[in-house]
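See below for structure16.cif, which holds mmCIF, N, CA and C atoms.
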data_entry
#
loop_
_atom_site.label_atom_id
_atom_site.label_comp_id
_atom_site.auth_asym_id
_atom_site.auth_seq_id
_atom_site.Cartn_x
_atom_site.Cartn_y
_atom_site.Cartn_z
N MET A 1 10.30 -55.08 -62.03
CA MET A 1 9.59 -53.85 -62.32
C MET A 1 9.85 -53.41 -63.75
N LYS A 2 11.10 -53.51 -64.17
CA LYS A 2 11.45 -53.09 -65.52
C LYS A 2 10.77 -53.99 -66.55
N LYS A 3 10.68 -55.27 -66.23
CA LYS A 3 10.04 -56.23 -67.13
C LYS A 3 8.54 -55.94 -67.24
N ASN A 4 7.91 -55.61 -66.12
CA ASN A 4 6.49 -55.29 -66.13
C ASN A 4 6.22 -54.01 -66.92
N LEU A 5 7.08 -53.03 -66.75
CA LEU A 5 6.92 -51.78 -67.47
C LEU A 5 7.06 -51.99 -68.97
N MET A 6 8.02 -52.81 -69.36
CA MET A 6 8.22 -53.11 -70.77
C MET A 6 7.03 -53.88 -71.34
N SER A 7 6.47 -54.79 -70.55
CA SER A 7 5.30 -55.55 -70.99
C SER A 7 4.10 -54.62 -71.19
N LEU A 8 3.91 -53.70 -70.26
CA LEU A 8 2.82 -52.72 -70.40
C LEU A 8 3.02 -51.86 -71.64
N PHE A 9 4.23 -51.42 -71.86
CA PHE A 9 4.53 -50.59 -73.03
C PHE A 9 4.26 -51.36 -74.32
N LEU A 10 4.68 -52.61 -74.37
CA LEU A 10 4.49 -53.42 -75.57
C LEU A 10 3.01 -53.70 -75.81
N ALA A 11 2.27 -54.03 -74.78
CA ALA A 11 0.82 -54.27 -74.92
C ALA A 11 0.12 -52.98 -75.36
N GLY A 12 0.51 -51.87 -74.77
CA GLY A 12 -0.06 -50.58 -75.18
C GLY A 12 0.24 -50.25 -76.63
N PHE A 13 1.45 -50.56 -77.06
CA PHE A 13 1.82 -50.32 -78.45
C PHE A 13 0.95 -51.13 -79.40
N PHE A 14 0.71 -52.39 -79.08
CA PHE A 14 -0.13 -53.22 -79.93
C PHE A 14 -1.57 -52.71 -79.97
N ILE A 15 -2.08 -52.31 -78.83
CA ILE A 15 -3.46 -51.80 -78.78
C ILE A 15 -3.59 -50.51 -79.57
N VAL A 16 -2.63 -49.60 -79.40
CA VAL A 16 -2.66 -48.33 -80.14
C VAL A 16 -2.52 -48.59 -81.63
N SER A 17 -1.67 -49.51 -82.00
CA SER A 17 -1.49 -49.85 -83.41
C SER A 17 -2.78 -50.38 -84.03
N ILE A 18 -3.48 -51.24 -83.33
CA ILE A 18 -4.74 -51.79 -83.83
C ILE A 18 -5.79 -50.69 -83.95
N VAL A 19 -5.90 -49.85 -82.93
CA VAL A 19 -6.91 -48.78 -82.94
C VAL A 19 -6.63 -47.78 -84.06
N LEU A 20 -5.39 -47.38 -84.24
CA LEU A 20 -5.07 -46.42 -85.30
C LEU A 20 -5.27 -47.02 -86.68
N SER A 21 -4.91 -48.27 -86.86
CA SER A 21 -5.12 -48.92 -88.15
C SER A 21 -6.61 -49.03 -88.47
N ALA A 22 -7.39 -49.43 -87.49
CA ALA A 22 -8.84 -49.55 -87.69
C ALA A 22 -9.47 -48.19 -87.97
N SER A 23 -9.03 -47.15 -87.28
CA SER A 23 -9.60 -45.82 -87.52
C SER A 23 -9.24 -45.30 -88.91
N TYR A 24 -8.04 -45.60 -89.40
CA TYR A 24 -7.66 -45.20 -90.76
C TYR A 24 -8.54 -45.92 -91.79
N ILE A 25 -8.79 -47.19 -91.57
CA ILE A 25 -9.64 -47.95 -92.49
C ILE A 25 -11.05 -47.38 -92.50
N ILE A 26 -11.58 -47.04 -91.34
CA ILE A 26 -12.93 -46.49 -91.25
C ILE A 26 -13.02 -45.14 -91.94
N VAL A 27 -12.03 -44.28 -91.72
CA VAL A 27 -12.06 -42.93 -92.29
C VAL A 27 -11.92 -42.97 -93.82
N GLU A 28 -11.04 -43.81 -94.32
CA GLU A 28 -10.76 -43.83 -95.76
C GLU A 28 -11.55 -44.88 -96.53
N ALA A 29 -12.54 -45.49 -95.93
CA ALA A 29 -13.29 -46.56 -96.60
C ALA A 29 -14.04 -46.04 -97.83
N ASN A 30 -14.54 -44.84 -97.79
CA ASN A 30 -15.32 -44.28 -98.91
C ASN A 30 -14.53 -43.21 -99.66
N HIS A 31 -13.27 -43.45 -99.90
CA HIS A 31 -12.46 -42.47 -100.63
C HIS A 31 -12.74 -42.56 -102.14
N ASP A 32 -12.30 -41.55 -102.85
CA ASP A 32 -12.43 -41.55 -104.31
C ASP A 32 -11.26 -42.31 -104.89
N CYS A 33 -11.51 -43.54 -105.28
CA CYS A 33 -10.46 -44.40 -105.80
C CYS A 33 -10.15 -43.99 -107.24
N ASN A 34 -8.86 -43.82 -107.54
CA ASN A 34 -8.48 -43.37 -108.89
C ASN A 34 -7.98 -44.51 -109.75
N GLY A 35 -8.29 -45.72 -109.40
CA GLY A 35 -7.94 -46.81 -110.30
C GLY A 35 -7.12 -47.90 -109.67
N ARG A 36 -6.32 -48.50 -110.53
CA ARG A 36 -5.60 -49.71 -110.16
C ARG A 36 -4.49 -49.48 -109.14
N GLU A 37 -3.76 -48.42 -109.24
CA GLU A 37 -2.63 -48.15 -108.34
C GLU A 37 -2.96 -47.04 -107.35
N CYS A 38 -4.08 -47.16 -106.70
CA CYS A 38 -4.52 -46.15 -105.73
C CYS A 38 -3.69 -46.26 -104.45
N PRO A 39 -3.02 -45.18 -104.04
CA PRO A 39 -2.20 -45.26 -102.83
C PRO A 39 -3.03 -45.44 -101.55
N ILE A 40 -4.24 -44.93 -101.55
CA ILE A 40 -5.08 -45.09 -100.36
C ILE A 40 -5.53 -46.54 -100.23
N CYS A 41 -5.88 -47.17 -101.35
CA CYS A 41 -6.24 -48.59 -101.31
C CYS A 41 -5.06 -49.44 -100.84
N PHE A 42 -3.86 -49.05 -101.27
CA PHE A 42 -2.66 -49.77 -100.84
C PHE A 42 -2.47 -49.63 -99.33
N GLN A 43 -2.67 -48.42 -98.80
CA GLN A 43 -2.53 -48.21 -97.35
C GLN A 43 -3.61 -48.96 -96.57
N ILE A 44 -4.83 -48.98 -97.11
CA ILE A 44 -5.90 -49.72 -96.44
C ILE A 44 -5.55 -51.21 -96.37
N GLN A 45 -5.03 -51.76 -97.47
CA GLN A 45 -4.64 -53.16 -97.47
C GLN A 45 -3.49 -53.42 -96.50
N THR A 46 -2.55 -52.47 -96.41
CA THR A 46 -1.45 -52.60 -95.46
C THR A 46 -1.96 -52.60 -94.02
N LYS A 47 -2.92 -51.72 -93.74
CA LYS A 47 -3.49 -51.67 -92.38
C LYS A 47 -4.25 -52.95 -92.05
N ILE A 48 -4.97 -53.50 -93.00
CA ILE A 48 -5.68 -54.76 -92.77
C ILE A 48 -4.69 -55.88 -92.47
N ASN A 49 -3.59 -55.93 -93.23
CA ASN A 49 -2.56 -56.95 -92.97
C ASN A 49 -1.91 -56.76 -91.61
N THR A 50 -1.71 -55.49 -91.21
CA THR A 50 -1.13 -55.21 -89.89
C THR A 50 -2.03 -55.73 -88.78
N ILE A 51 -3.32 -55.46 -88.90
CA ILE A 51 -4.26 -55.94 -87.88
C ILE A 51 -4.29 -57.47 -87.84
N LYS A 52 -4.30 -58.10 -89.02
CA LYS A 52 -4.32 -59.56 -89.06
C LYS A 52 -3.07 -60.15 -88.41
N GLU A 53 -1.91 -59.56 -88.67
CA GLU A 53 -0.67 -60.08 -88.08
C GLU A 53 -0.65 -59.90 -86.57
N ILE A 54 -1.04 -58.73 -86.11
CA ILE A 54 -1.02 -58.46 -84.67
C ILE A 54 -2.00 -59.38 -83.94
N LEU A 55 -3.21 -59.49 -84.47
CA LEU A 55 -4.20 -60.34 -83.80
C LEU A 55 -3.86 -61.81 -83.93
N GLY A 56 -3.26 -62.20 -85.02
CA GLY A 56 -2.93 -63.60 -85.21
C GLY A 56 -1.78 -64.05 -84.35
N ILE A 57 -0.75 -63.24 -84.25
CA ILE A 57 0.46 -63.64 -83.53
C ILE A 57 0.33 -63.36 -82.05
N HIS A 58 -0.19 -62.22 -81.70
CA HIS A 58 -0.12 -61.76 -80.33
C HIS A 58 -1.46 -61.82 -79.58
N PHE A 59 -2.46 -62.44 -80.18
CA PHE A 59 -3.75 -62.47 -79.51
C PHE A 59 -3.69 -63.21 -78.19
N SER A 60 -3.00 -64.33 -78.17
CA SER A 60 -2.94 -65.11 -76.93
C SER A 60 -2.16 -64.34 -75.86
N ALA A 61 -1.09 -63.66 -76.25
CA ALA A 61 -0.32 -62.89 -75.27
C ALA A 61 -1.13 -61.73 -74.72
N VAL A 62 -1.86 -61.03 -75.58
CA VAL A 62 -2.69 -59.91 -75.13
C VAL A 62 -3.82 -60.43 -74.25
N PHE A 63 -4.40 -61.57 -74.61
CA PHE A 63 -5.47 -62.14 -73.80
C PHE A 63 -4.96 -62.53 -72.41
N LEU A 64 -3.81 -63.17 -72.35
CA LEU A 64 -3.25 -63.55 -71.05
C LEU A 64 -2.88 -62.33 -70.22
N PHE A 65 -2.37 -61.29 -70.88
CA PHE A 65 -2.04 -60.05 -70.17
C PHE A 65 -3.30 -59.43 -69.60
N ALA A 66 -4.36 -59.36 -70.39
CA ALA A 66 -5.62 -58.78 -69.91
C ALA A 66 -6.20 -59.61 -68.77
N LEU A 67 -6.09 -60.92 -68.86
CA LEU A 67 -6.58 -61.78 -67.80
C LEU A 67 -5.80 -61.56 -66.50
N ALA A 68 -4.48 -61.48 -66.61
CA ALA A 68 -3.65 -61.24 -65.42
C ALA A 68 -3.92 -59.87 -64.84
N LEU A 69 -4.07 -58.87 -65.70
CA LEU A 69 -4.33 -57.52 -65.23
C LEU A 69 -5.68 -57.43 -64.53
N SER A 70 -6.69 -58.08 -65.08
CA SER A 70 -8.00 -58.06 -64.42
C SER A 70 -7.96 -58.79 -63.08
N PHE A 71 -7.17 -59.86 -63.00
CA PHE A 71 -7.04 -60.57 -61.72
C PHE A 71 -6.36 -59.69 -60.68
N LEU A 72 -5.30 -58.98 -61.08
CA LEU A 72 -4.61 -58.09 -60.15
C LEU A 72 -5.51 -56.94 -59.71
N ILE A 73 -6.27 -56.38 -60.63
CA ILE A 73 -7.17 -55.28 -60.27
C ILE A 73 -8.27 -55.78 -59.35
N SER A 74 -8.80 -56.97 -59.61
CA SER A 74 -9.85 -57.49 -58.74
C SER A 74 -9.32 -57.76 -57.34
N ASN A 75 -8.07 -58.17 -57.22
CA ASN A 75 -7.50 -58.37 -55.89
C ASN A 75 -7.30 -57.05 -55.16
N GLN A 76 -7.06 -55.98 -55.89
CA GLN A 76 -6.91 -54.68 -55.26
C GLN A 76 -8.27 -54.10 -54.86
N ILE A 77 -9.28 -54.34 -55.70
CA ILE A 77 -10.60 -53.78 -55.42
C ILE A 77 -11.31 -54.59 -54.34
N VAL A 78 -11.27 -55.90 -54.45
CA VAL A 78 -11.94 -56.78 -53.50
C VAL A 78 -10.86 -57.60 -52.78
N PRO A 79 -10.38 -57.10 -51.65
CA PRO A 79 -9.29 -57.81 -50.97
C PRO A 79 -9.68 -59.19 -50.46
N SER A 80 -10.97 -59.47 -50.32
CA SER A 80 -11.36 -60.78 -49.83
C SER A 80 -11.03 -61.88 -50.83
N LEU A 81 -10.78 -61.52 -52.10
CA LEU A 81 -10.38 -62.51 -53.09
C LEU A 81 -8.94 -62.96 -52.89
N ASN A 82 -8.19 -62.15 -52.18
CA ASN A 82 -6.80 -62.51 -51.92
C ASN A 82 -6.79 -63.66 -50.93
N ARG A 83 -6.26 -64.80 -51.33
CA ARG A 83 -6.35 -66.01 -50.52
C ARG A 83 -5.17 -66.20 -49.57
N SER A 84 -4.24 -65.29 -49.58
CA SER A 84 -3.11 -65.46 -48.67
C SER A 84 -3.55 -65.07 -47.26
N LYS A 85 -3.34 -65.97 -46.34
CA LYS A 85 -3.74 -65.75 -44.95
C LYS A 85 -2.54 -65.26 -44.15
N THR A 86 -2.77 -64.28 -43.33
CA THR A 86 -1.73 -63.77 -42.46
C THR A 86 -1.85 -64.48 -41.12
N THR A 87 -0.78 -65.11 -40.73
CA THR A 87 -0.76 -65.81 -39.45
C THR A 87 0.23 -65.12 -38.53
N LEU A 88 0.21 -65.50 -37.26
CA LEU A 88 1.13 -64.92 -36.31
C LEU A 88 2.57 -65.27 -36.65
N VAL A 89 2.78 -66.48 -37.16
CA VAL A 89 4.13 -66.90 -37.52
C VAL A 89 4.64 -66.09 -38.70
N SER A 90 3.80 -65.86 -39.69
CA SER A 90 4.25 -65.07 -40.84
C SER A 90 4.52 -63.62 -40.44
N LEU A 91 3.74 -63.09 -39.52
CA LEU A 91 4.00 -61.74 -39.04
C LEU A 91 5.32 -61.68 -38.27
N LYS A 92 5.63 -62.69 -37.47
CA LYS A 92 6.89 -62.73 -36.74
C LYS A 92 8.06 -62.80 -37.69
N ILE A 93 7.93 -63.59 -38.75
CA ILE A 93 9.02 -63.69 -39.73
C ILE A 93 9.22 -62.37 -40.42
N ILE A 94 8.15 -61.67 -40.73
CA ILE A 94 8.27 -60.35 -41.38
C ILE A 94 8.96 -59.37 -40.44
N MET A 95 8.63 -59.41 -39.15
CA MET A 95 9.23 -58.48 -38.20
C MET A 95 10.71 -58.76 -37.98
N ASN A 96 11.13 -60.02 -38.10
CA ASN A 96 12.53 -60.36 -37.90
C ASN A 96 13.42 -59.86 -39.02
N PHE A 97 12.88 -59.57 -40.18
CA PHE A 97 13.71 -59.10 -41.29
C PHE A 97 13.87 -57.65 -41.19
#
Since I need it in another form, could you write the structure as structure tokens?
Amino acid sequence: MKKNLMSLFLAGFFIVSIVLSASYIIVEANHDCNGRECPICFQIQTKINTIKEILGIHFSAVFLFALALSFLISNQIVPSLNRSKTTLVSLKIIMNF
């Protein structure tokens, strides 16, 4: 449970980081640039690098997490997708514990 919670927190952190970086780039795209050492241009470049690093390194992990999460949700919504069959023997074993 603790591992799942930490995984959710980490995936949420990456998603929030990407969304906030992208929103900053969109908001400041048409700023009044004051030349060569513009701090806003520097921040925009930093945000672009952040998005590239997150998507480059963690894209496969985020994709697998989303795939697993969608599979779990689909099993909760449509129980017929759950392939585990309940038999009388399995019910007896459950009752004995």
Practice problem: Report the distance between CA of Leu64 in chain A and CA of Lys47 in chain A in Å, rounded to one decimal place. | Solution: 24.4 Å
I need the output of the PyMOL selection byres (((chain A and resi 14-24 and name CA) around 9) and name CA) for this file as a compact mmCIF listing (two decimals) with N, CA and C atoms, keeping the file's coordinate frame; which residues are they?
# COMPACT_ATOMS: atom_id res chain seq x y z
N PHE A 9 4.23 -51.42 -71.86
CA PHE A 9 4.53 -50.59 -73.03
C PHE A 9 4.26 -51.36 -74.32
N LEU A 10 4.68 -52.61 -74.37
CA LEU A 10 4.49 -53.42 -75.57
C LEU A 10 3.01 -53.70 -75.81
N ALA A 11 2.27 -54.03 -74.78
CA ALA A 11 0.82 -54.27 -74.92
C ALA A 11 0.12 -52.98 -75.36
N GLY A 12 0.51 -51.87 -74.77
CA GLY A 12 -0.06 -50.58 -75.18
C GLY A 12 0.24 -50.25 -76.63
N PHE A 13 1.45 -50.56 -77.06
CA PHE A 13 1.82 -50.32 -78.45
C PHE A 13 0.95 -51.13 -79.40
N ILE A 25 -8.79 -47.19 -91.57
CA ILE A 25 -9.64 -47.95 -92.49
C ILE A 25 -11.05 -47.38 -92.50
N ILE A 26 -11.58 -47.04 -91.34
CA ILE A 26 -12.93 -46.49 -91.25
C ILE A 26 -13.02 -45.14 -91.94
N VAL A 27 -12.03 -44.28 -91.72
CA VAL A 27 -12.06 -42.93 -92.29
C VAL A 27 -11.92 -42.97 -93.82
N GLU A 28 -11.04 -43.81 -94.32
CA GLU A 28 -10.76 -43.83 -95.76
C GLU A 28 -11.55 -44.88 -96.53
N ALA A 29 -12.54 -45.49 -95.93
CA ALA A 29 -13.29 -46.56 -96.60
C ALA A 29 -14.04 -46.04 -97.83
N GLN A 43 -2.67 -48.42 -98.80
CA GLN A 43 -2.53 -48.21 -97.35
C GLN A 43 -3.61 -48.96 -96.57
N ILE A 44 -4.83 -48.98 -97.11
CA ILE A 44 -5.90 -49.72 -96.44
C ILE A 44 -5.55 -51.21 -96.37
N THR A 46 -2.55 -52.47 -96.41
CA THR A 46 -1.45 -52.60 -95.46
C THR A 46 -1.96 -52.60 -94.02
N LYS A 47 -2.92 -51.72 -93.74
CA LYS A 47 -3.49 -51.67 -92.38
C LYS A 47 -4.25 -52.95 -92.05
N ILE A 48 -4.97 -53.50 -93.00
CA ILE A 48 -5.68 -54.76 -92.77
C ILE A 48 -4.69 -55.88 -92.47
N THR A 50 -1.71 -55.49 -91.21
CA THR A 50 -1.13 -55.21 -89.89
C THR A 50 -2.03 -55.73 -88.78
N ILE A 51 -3.32 -55.46 -88.90
CA ILE A 51 -4.26 -55.94 -87.88
C ILE A 51 -4.29 -57.47 -87.84
N ILE A 54 -1.04 -58.73 -86.11
CA ILE A 54 -1.02 -58.46 -84.67
C ILE A 54 -2.00 -59.38 -83.94
N LEU A 55 -3.21 -59.49 -84.47
CA LEU A 55 -4.20 -60.34 -83.80
C LEU A 55 -3.86 -61.81 -83.93
N HIS A 58 -0.19 -62.22 -81.70
CA HIS A 58 -0.12 -61.76 -80.33
C HIS A 58 -1.46 -61.82 -79.58
N VAL A 62 -1.86 -61.03 -75.58
CA VAL A 62 -2.69 -59.91 -75.13
C VAL A 62 -3.82 -60.43 -74.25
Exercise. Would you work out the distance separating CA of Asn49 in chain A from atom N of Met6 in chain A, expressed in Å to one decimal?
Key: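 CA of Asn49 in chain A sits 26.2 Å away from atom N of Met6 in chain A.
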Quiz item: In Å, with one decimal, what is the gap from CA of Ile40 in chain A to atom C of Lys52 in chain A?
Solution: 19.3 Å
